[in-house]
>>> print(open('query-v1.pdb').read())   # PDB, C-alpha atoms
ATOM      1  CA  GLY J   1    -131.981 -33.702  74.145
ATOM      2  CA  ASP J   2    -135.398 -34.870  73.204
ATOM      3  CA  VAL J   3    -138.030 -32.263  72.366
ATOM      4  CA  PRO J   4    -141.293 -32.961  74.205
ATOM      5  CA  PRO J   5    -144.353 -33.357  71.974
ATOM      6  CA  LYS J   6    -146.502 -30.282  71.615
ATOM      7  CA  LYS J   7    -149.661 -30.302  73.681
ATOM      8  CA  PRO J   8    -152.908 -29.859  71.763
ATOM      9  CA  HIS J   9    -154.370 -26.378  71.916
ATOM     10  CA  GLY J  10    -156.775 -24.226  69.950
ATOM     11  CA  PRO J  11    -158.806 -25.974  67.261
ATOM     12  CA  VAL J  12    -157.125 -29.356  67.691
ATOM     13  CA  ALA J  13    -158.349 -29.613  71.291
ATOM     14  CA  TYR J  14    -161.996 -30.071  70.337
ATOM     15  CA  SER J  15    -164.140 -31.416  67.530
ATOM     16  CA  PRO J  16    -166.177 -28.640  65.941
ATOM     17  CA  ALA J  17    -168.044 -31.213  63.875
ATOM     18  CA  ASP J  18    -170.237 -32.040  66.857
ATOM     19  CA  GLY J  19    -172.141 -28.738  66.682
ATOM     20  CA  ARG J  20    -171.653 -27.812  70.333
ATOM     21  CA  TRP J  21    -169.992 -24.432  69.799
ATOM     22  CA  PRO J  22    -172.709 -21.780  69.572
ATOM     23  CA  VAL J  23    -172.086 -18.116  68.820
ATOM     24  CA  LYS J  24    -174.325 -15.945  71.028
ATOM     25  CA  ALA J  25    -175.989 -12.575  70.510
ATOM     26  CA  PRO J  26    -174.646  -9.785  72.740
ATOM     27  CA  LEU J  27    -177.634  -7.427  72.309
ATOM     28  CA  ASN J  28    -181.242  -7.228  71.175
ATOM     29  CA  GLY J  29    -181.456  -7.258  67.420
ATOM     30  CA  LYS J  30    -183.052  -8.551  64.262
ATOM     31  CA  VAL J  31    -181.662 -10.776  61.527
ATOM     32  CA  VAL J  32    -181.342  -8.794  58.309
ATOM     33  CA  ARG J  33    -180.155 -11.697  56.161
ATOM     34  CA  SER J  34    -178.827 -15.228  56.451
ATOM     35  CA  ARG J  35    -177.113 -17.077  53.635
ATOM     36  CA  GLY J  36    -176.456 -20.783  53.991
ATOM     37  CA  GLY J  37    -175.961 -23.994  52.096
ATOM     38  CA  ASP J  38    -172.176 -23.504  52.044
ATOM     39  CA  GLN J  39    -172.702 -21.297  48.979
ATOM     40  CA  VAL J  40    -171.329 -17.943  50.077
ATOM     41  CA  GLY J  41    -167.884 -17.309  48.676
ATOM     42  CA  GLY J  42    -165.480 -16.466  51.484
ATOM     43  CA  PHE J  43    -167.962 -16.859  54.325
ATOM     44  CA  PHE J  44    -169.781 -20.118  53.459
ATOM     45  CA  ASN J  45    -172.664 -19.455  55.843
ATOM     46  CA  ASP J  46    -173.209 -15.957  57.179
ATOM     47  CA  THR J  47    -175.742 -13.992  59.184
ATOM     48  CA  LEU J  48    -176.162 -10.221  59.219
ATOM     49  CA  ILE J  49    -177.832  -8.778  62.322
ATOM     50  CA  ALA J  50    -178.999  -5.244  63.086
ATOM     51  CA  TYR J  51    -178.359  -4.645  66.786
ATOM     52  CA  ASP J  52    -180.102  -2.002  68.878
ATOM     53  CA  THR J  53    -177.271   0.088  70.331
ATOM     54  CA  THR J  54    -179.380   2.962  71.725
ATOM     55  CA  ASP J  55    -178.466   2.078  75.328
ATOM     56  CA  LEU J  56    -174.722   1.946  74.636
ATOM     57  CA  ASP J  57    -172.099   4.637  74.509
ATOM     58  CA  TYR J  58    -171.770   4.119  70.761
ATOM     59  CA  PRO J  59    -171.933   6.523  67.789
ATOM     60  CA  VAL J  60    -175.073   4.986  66.198
ATOM     61  CA  ASP J  61    -178.388   3.579  67.452
ATOM     62  CA  LEU J  62    -178.271   0.608  65.088
ATOM     63  CA  ALA J  63    -175.129  -1.403  64.294
ATOM     64  CA  TYR J  64    -174.961  -4.024  61.550
ATOM     65  CA  VAL J  65    -172.836  -7.044  62.433
ATOM     66  CA  LEU J  66    -171.912  -9.803  59.997
ATOM     67  CA  TYR J  67    -170.959 -13.236  61.303
ATOM     68  CA  GLY J  68    -169.351 -15.725  58.927
ATOM     69  CA  HIS J  69    -167.957 -19.277  58.738
ATOM     70  CA  PHE J  70    -170.951 -20.835  60.531
ATOM     71  CA  LYS J  71    -172.222 -24.341  59.993
ATOM     72  CA  PRO J  72    -175.037 -24.440  57.413
ATOM     73  CA  LYS J  73    -177.570 -25.947  59.815
ATOM     74  CA  GLY J  74    -179.198 -23.817  62.497
ATOM     75  CA  LEU J  75    -178.935 -20.457  60.715
ATOM     76  CA  LEU J  76    -181.641 -17.972  61.721
ATOM     77  CA  SER J  77    -184.153 -16.714  59.169
ATOM     78  CA  ALA J  78    -184.394 -13.072  58.130
ATOM     79  CA  GLU J  79    -186.601 -10.985  60.432
ATOM     80  CA  THR J  80    -185.894 -13.267  63.421
ATOM     81  CA  ARG J  81    -185.579 -11.221  66.610
ATOM     82  CA  VAL J  82    -182.712 -12.076  68.952
ATOM     83  CA  LYS J  83    -181.946 -11.132  72.533
ATOM     84  CA  PRO J  84    -178.695 -11.354  74.501
ATOM     85  CA  GLY J  85    -177.602 -14.966  74.868
ATOM     86  CA  ASP J  86    -179.613 -16.313  71.921
ATOM     87  CA  THR J  87    -177.702 -18.658  69.619
ATOM     88  CA  LEU J  88    -176.994 -17.084  66.230
ATOM     89  CA  GLY J  89    -175.313 -20.101  64.674
ATOM     90  CA  TYR J  90    -172.607 -22.667  65.276
ATOM     91  CA  LEU J  91    -168.865 -22.507  64.766
ATOM     92  CA  GLY J  92    -167.892 -24.080  61.477
ATOM     93  CA  ASP J  93    -164.860 -26.206  60.727
ATOM     94  CA  MET J  94    -161.421 -25.752  59.180
ATOM     95  CA  ARG J  95    -162.792 -25.849  55.610
ATOM     96  CA  ARG J  96    -165.455 -23.240  56.389
ATOM     97  CA  SER J  97    -162.734 -21.089  57.978
ATOM     98  CA  LEU J  98    -160.834 -21.122  54.659
ATOM     99  CA  GLY J  99    -158.187 -23.454  56.035
ATOM    100  CA  GLU J 100    -157.294 -21.001  58.813
ATOM    101  CA  ILE J 101    -157.704 -21.536  62.524
ATOM    102  CA  ILE J 102    -161.363 -22.299  63.197
ATOM    103  CA  HIS J 103    -163.126 -19.012  63.874
ATOM    104  CA  THR J 104    -166.203 -16.882  63.351
ATOM    105  CA  HIS J 105    -165.776 -13.784  61.219
ATOM    106  CA  VAL J 106    -167.245 -10.646  62.835
ATOM    107  CA  GLN J 107    -167.535  -7.373  60.925
ATOM    108  CA  VAL J 108    -169.354  -4.171  61.935
ATOM    109  CA  TRP J 109    -170.943  -1.368  59.884
ATOM    110  CA  TRP J 110    -173.005   1.666  60.812
ATOM    111  CA  ALA J 111    -174.968   1.752  57.537
ATOM    112  CA  ARG J 112    -177.352  -0.960  56.294
ATOM    113  CA  THR J 113    -176.466  -0.429  52.628
ATOM    114  CA  ASP J 114    -172.756  -0.826  53.350
ATOM    115  CA  ALA J 115    -173.421  -4.019  55.303
ATOM    116  CA  LEU J 116    -175.648  -5.539  52.620
ATOM    117  CA  ASN J 117    -173.093  -4.733  49.915
ATOM    118  CA  TYR J 118    -170.100  -5.791  52.024
ATOM    119  CA  ASN J 119    -168.522  -2.358  51.578
ATOM    120  CA  HIS J 120    -165.272  -3.311  53.263
ATOM    121  CA  VAL J 121    -163.770   0.184  53.364
ATOM    122  CA  THR J 122    -166.635   1.423  55.591
ATOM    123  CA  THR J 123    -166.139  -1.315  58.200
ATOM    124  CA  LYS J 124    -165.944  -0.064  61.785
ATOM    125  CA  ASP J 125    -163.615  -1.417  64.462
ATOM    126  CA  PRO J 126    -165.577  -4.210  66.206
ATOM    127  CA  ALA J 127    -163.533  -3.741  69.390
ATOM    128  CA  VAL J 128    -165.214  -0.357  69.910
ATOM    129  CA  LEU J 129    -168.674  -1.975  69.836
ATOM    130  CA  TRP J 130    -167.633  -4.829  72.140
ATOM    131  CA  ALA J 131    -166.138  -2.328  74.607
ATOM    132  CA  ALA J 132    -169.405  -0.370  74.643
ATOM    133  CA  ILE J 133    -171.359  -3.590  75.258
ATOM    134  CA  LEU J 134    -169.097  -4.585  78.155
ATOM    135  CA  GLU J 135    -169.287  -1.129  79.722
ATOM    136  CA  ALA J 136    -173.098  -1.218  79.611
ATOM    137  CA  LYS J 137    -173.363  -4.454  81.601
TER     138      LYS J 137
END
>>> encode(input="query-v1.pdb", output="structure tokens")
Amino acid sequence: GDVPPKKPHGPVAYSPADGRWPVKAPLNGKVVRSRGGDQVGGFFNDTLIAYDTTDLDYPVDLAYVLYGHFKPKGLLSAETRVKPGDTLGYLGDMRRSLGEIIHTHVQVWWARTDALNYNHVTTKDPAVLWAAILEAK
């Protein structure tokens, strides 16, 4: 018999080019660094934020979270303070997601130096931080 056509889902169900897909801050924090202009190899446009985790059941009082694959416009400047719900940037497109499903890269470190140098082997499991955030609410 005939195979029904696949229904659109995931990234084909919306147009990320319209800039309506913000990524929000989960905690109070401060922007350590933003790199834009589609120049960052692998991430295109990324933002590193130091979040205050003192009120969470989490091993450190400051967590460094890198977000990647943003659009180049709307990136926050270094030293910008953010609070929960503030927009950090906007979801990029297929090209900025390296041809993969459209997504935002999220990576967590406990040490500033590791985060600034993208020391991949010292990355912490982001699910542990998100669980602590959800438990605190």
>>> closest_residue(input="query-v1.pdb", among="J:Leu66, J:Val82, J:Leu75, J:Ile101", to="J:Ala115", atoms="all atoms listed in the file")
J:Leu66
>>> closest_atom_pairs(input="query-v1.pdb", of="stretch 91-112 of chain J", to="stretch 68-72 of chain J", cutoff="6 Å", atoms="all atoms listed in the file", output="Markdown table")
| residue | atom | partner | partner_atom | distance |
| --- | --- | --- | --- | --- |
| J:Leu91 | CA | J:Phe70 | CA | 5.0 |
| J:Gly92 | CA | J:Phe70 | CA | 4.6 |
| J:Arg96 | CA | J:His69 | CA | 5.2 |
| J:Ser97 | CA | J:His69 | CA | 5.6 |
| J:Thr104 | CA | J:His69 | CA | 5.5 |
| J:His105 | CA | J:Gly68 | CA | 4.7 |
>>> write_last_selection(input="query-v1.pdb", atoms="C-alpha atoms", output="PDB file, in the coordinates of the input")
ATOM      1  CA  LEU J  91    -168.865 -22.507  64.766  1.00  0.00           C
ATOM      2  CA  GLY J  92    -167.892 -24.080  61.477  1.00  0.00           C
ATOM      3  CA  ARG J  96    -165.455 -23.240  56.389  1.00  0.00           C
ATOM      4  CA  SER J  97    -162.734 -21.089  57.978  1.00  0.00           C
ATOM      5  CA  THR J 104    -166.203 -16.882  63.351  1.00  0.00           C
ATOM      6  CA  HIS J 105    -165.776 -13.784  61.219  1.00  0.00           C
TER       7      HIS J 105
END
>>> resolve_selection(input="query-v1.pdb", expression="the PyMOL selection byres ((chain J and resi 36) around 8)", output="ChimeraX atom specification")
/J:34-35,37-40,44-46,72-73,75
>>> closest_residue(input="query-v1.pdb", among="J:Val108, J:Ala63, J:Leu98, J:Ala50", to="J:Pro126", atoms="only C-alpha atoms")
J:Val108
>>> closest_residue(input="query-v1.pdb", among="J:Thr123, J:Thr47, J:Gln107, J:Thr53", to="J:Arg33", atoms="all atoms listed in the file")
J:Thr47
>>> decode(input="query-v1.pdb", residues="stretch 100-111 of chain J", atoms="all heavy atoms", output="PDB file, in the first residue's frame")
ATOM      1  N   GLU J 100      23.668  19.843  11.615  1.00  0.00           N
ATOM      2  CA  GLU J 100      22.904  18.912  12.445  1.00  0.00           C
ATOM      3  C   GLU J 100      21.520  19.505  12.697  1.00  0.00           C
ATOM      4  O   GLU J 100      21.206  20.584  12.238  1.00  0.00           O
ATOM      5  CB  GLU J 100      23.633  18.694  13.775  1.00  0.00           C
ATOM      6  CG  GLU J 100      25.026  18.128  13.622  1.00  0.00           C
ATOM      7  CD  GLU J 100      25.790  18.127  14.939  1.00  0.00           C
ATOM      8  OE1 GLU J 100      25.193  18.451  15.977  1.00  0.00           O
ATOM      9  OE2 GLU J 100      26.981  17.807  14.914  1.00  0.00           O
ATOM     10  N   ILE J 101      20.722  18.796  13.479  1.00  0.00           N
ATOM     11  CA  ILE J 101      19.442  19.343  13.879  1.00  0.00           C
ATOM     12  C   ILE J 101      19.701  20.683  14.575  1.00  0.00           C
ATOM     13  O   ILE J 101      20.694  20.843  15.280  1.00  0.00           O
ATOM     14  CB  ILE J 101      18.677  18.370  14.807  1.00  0.00           C
ATOM     15  CG1 ILE J 101      17.258  18.871  15.066  1.00  0.00           C
ATOM     16  CG2 ILE J 101      19.426  18.132  16.112  1.00  0.00           C
ATOM     17  CD1 ILE J 101      16.370  17.850  15.765  1.00  0.00           C
ATOM     18  N   ILE J 102      18.847  21.647  14.356  1.00  0.00           N
ATOM     19  CA  ILE J 102      19.050  22.975  14.914  1.00  0.00           C
ATOM     20  C   ILE J 102      19.001  22.890  16.436  1.00  0.00           C
ATOM     21  O   ILE J 102      18.051  22.342  17.001  1.00  0.00           O
ATOM     22  CB  ILE J 102      17.997  23.955  14.369  1.00  0.00           C
ATOM     23  CG1 ILE J 102      18.164  24.072  12.854  1.00  0.00           C
ATOM     24  CG2 ILE J 102      18.149  25.324  15.029  1.00  0.00           C
ATOM     25  CD1 ILE J 102      17.002  24.743  12.170  1.00  0.00           C
ATOM     26  N   HIS J 103      20.050  23.417  17.075  1.00  0.00           N
ATOM     27  CA  HIS J 103      20.157  23.276  18.527  1.00  0.00           C
ATOM     28  C   HIS J 103      21.061  24.355  19.105  1.00  0.00           C
ATOM     29  O   HIS J 103      21.744  25.063  18.377  1.00  0.00           O
ATOM     30  CB  HIS J 103      20.719  21.893  18.887  1.00  0.00           C
ATOM     31  CG  HIS J 103      22.157  21.714  18.494  1.00  0.00           C
ATOM     32  ND1 HIS J 103      22.552  21.455  17.204  1.00  0.00           N
ATOM     33  CD2 HIS J 103      23.305  21.773  19.235  1.00  0.00           C
ATOM     34  CE1 HIS J 103      23.868  21.353  17.145  1.00  0.00           C
ATOM     35  NE2 HIS J 103      24.359  21.544  18.374  1.00  0.00           N
ATOM     36  N   THR J 104      21.051  24.461  20.415  1.00  0.00           N
ATOM     37  CA  THR J 104      22.011  25.288  21.133  1.00  0.00           C
ATOM     38  C   THR J 104      22.915  24.356  21.927  1.00  0.00           C
ATOM     39  O   THR J 104      22.443  23.485  22.653  1.00  0.00           O
ATOM     40  CB  THR J 104      21.289  26.262  22.092  1.00  0.00           C
ATOM     41  OG1 THR J 104      20.553  27.185  21.314  1.00  0.00           O
ATOM     42  CG2 THR J 104      22.287  27.020  22.947  1.00  0.00           C
ATOM     43  N   HIS J 105      24.200  24.541  21.758  1.00  0.00           N
ATOM     44  CA  HIS J 105      25.200  23.769  22.493  1.00  0.00           C
ATOM     45  C   HIS J 105      25.260  24.308  23.920  1.00  0.00           C
ATOM     46  O   HIS J 105      25.307  25.519  24.124  1.00  0.00           O
ATOM     47  CB  HIS J 105      26.551  23.957  21.798  1.00  0.00           C
ATOM     48  CG  HIS J 105      27.682  23.275  22.467  1.00  0.00           C
ATOM     49  ND1 HIS J 105      28.184  22.075  22.014  1.00  0.00           N
ATOM     50  CD2 HIS J 105      28.433  23.611  23.539  1.00  0.00           C
ATOM     51  CE1 HIS J 105      29.192  21.713  22.788  1.00  0.00           C
ATOM     52  NE2 HIS J 105      29.362  22.624  23.717  1.00  0.00           N
ATOM     53  N   VAL J 106      25.249  23.418  24.905  1.00  0.00           N
ATOM     54  CA  VAL J 106      25.366  23.817  26.312  1.00  0.00           C
ATOM     55  C   VAL J 106      26.446  22.956  26.949  1.00  0.00           C
ATOM     56  O   VAL J 106      26.377  21.730  26.896  1.00  0.00           O
ATOM     57  CB  VAL J 106      24.033  23.634  27.074  1.00  0.00           C
ATOM     58  CG1 VAL J 106      24.210  24.012  28.537  1.00  0.00           C
ATOM     59  CG2 VAL J 106      22.926  24.456  26.439  1.00  0.00           C
ATOM     60  N   GLN J 107      27.454  23.615  27.547  1.00  0.00           N
ATOM     61  CA  GLN J 107      28.542  22.879  28.179  1.00  0.00           C
ATOM     62  C   GLN J 107      28.885  23.551  29.509  1.00  0.00           C
ATOM     63  O   GLN J 107      28.901  24.770  29.595  1.00  0.00           O
ATOM     64  CB  GLN J 107      29.757  22.872  27.257  1.00  0.00           C
ATOM     65  CG  GLN J 107      30.773  21.834  27.600  1.00  0.00           C
ATOM     66  CD  GLN J 107      31.628  21.450  26.413  1.00  0.00           C
ATOM     67  OE1 GLN J 107      31.354  21.847  25.278  1.00  0.00           O
ATOM     68  NE2 GLN J 107      32.668  20.682  26.652  1.00  0.00           N
ATOM     69  N   VAL J 108      29.139  22.742  30.537  1.00  0.00           N
ATOM     70  CA  VAL J 108      29.325  23.250  31.897  1.00  0.00           C
ATOM     71  C   VAL J 108      30.717  22.909  32.425  1.00  0.00           C
ATOM     72  O   VAL J 108      31.205  21.785  32.253  1.00  0.00           O
ATOM     73  CB  VAL J 108      28.270  22.631  32.850  1.00  0.00           C
ATOM     74  CG1 VAL J 108      28.477  23.119  34.276  1.00  0.00           C
ATOM     75  CG2 VAL J 108      26.858  22.943  32.365  1.00  0.00           C
ATOM     76  N   TRP J 109      31.346  23.899  33.079  1.00  0.00           N
ATOM     77  CA  TRP J 109      32.609  23.695  33.795  1.00  0.00           C
ATOM     78  C   TRP J 109      32.486  24.254  35.198  1.00  0.00           C
ATOM     79  O   TRP J 109      31.664  25.115  35.462  1.00  0.00           O
ATOM     80  CB  TRP J 109      33.770  24.425  33.108  1.00  0.00           C
ATOM     81  CG  TRP J 109      34.210  23.865  31.821  1.00  0.00           C
ATOM     82  CD1 TRP J 109      35.172  22.910  31.617  1.00  0.00           C
ATOM     83  CD2 TRP J 109      33.757  24.239  30.517  1.00  0.00           C
ATOM     84  NE1 TRP J 109      35.327  22.662  30.269  1.00  0.00           N
ATOM     85  CE2 TRP J 109      34.462  23.472  29.574  1.00  0.00           C
ATOM     86  CE3 TRP J 109      32.799  25.145  30.035  1.00  0.00           C
ATOM     87  CZ2 TRP J 109      34.269  23.571  28.209  1.00  0.00           C
ATOM     88  CZ3 TRP J 109      32.604  25.252  28.677  1.00  0.00           C
ATOM     89  CH2 TRP J 109      33.328  24.476  27.776  1.00  0.00           C
ATOM     90  N   TRP J 110      33.359  23.802  36.086  1.00  0.00           N
ATOM     91  CA  TRP J 110      33.427  24.358  37.429  1.00  0.00           C
ATOM     92  C   TRP J 110      34.553  25.372  37.553  1.00  0.00           C
ATOM     93  O   TRP J 110      34.580  26.147  38.501  1.00  0.00           O
ATOM     94  CB  TRP J 110      33.646  23.246  38.458  1.00  0.00           C
ATOM     95  CG  TRP J 110      32.477  22.326  38.592  1.00  0.00           C
ATOM     96  CD1 TRP J 110      31.245  22.471  37.997  1.00  0.00           C
ATOM     97  CD2 TRP J 110      32.406  21.125  39.346  1.00  0.00           C
ATOM     98  NE1 TRP J 110      30.427  21.423  38.346  1.00  0.00           N
ATOM     99  CE2 TRP J 110      31.109  20.589  39.171  1.00  0.00           C
ATOM    100  CE3 TRP J 110      33.318  20.458  40.158  1.00  0.00           C
ATOM    101  CZ2 TRP J 110      30.710  19.415  39.792  1.00  0.00           C
ATOM    102  CZ3 TRP J 110      32.912  19.291  40.767  1.00  0.00           C
ATOM    103  CH2 TRP J 110      31.621  18.768  40.581  1.00  0.00           C
ATOM    104  N   ALA J 111      35.502  25.374  36.625  1.00  0.00           N
ATOM    105  CA  ALA J 111      36.655  26.266  36.704  1.00  0.00           C
ATOM    106  C   ALA J 111      36.679  27.243  35.526  1.00  0.00           C
ATOM    107  O   ALA J 111      36.506  26.841  34.377  1.00  0.00           O
ATOM    108  CB  ALA J 111      37.949  25.464  36.736  1.00  0.00           C
TER     109      ALA J 111
END
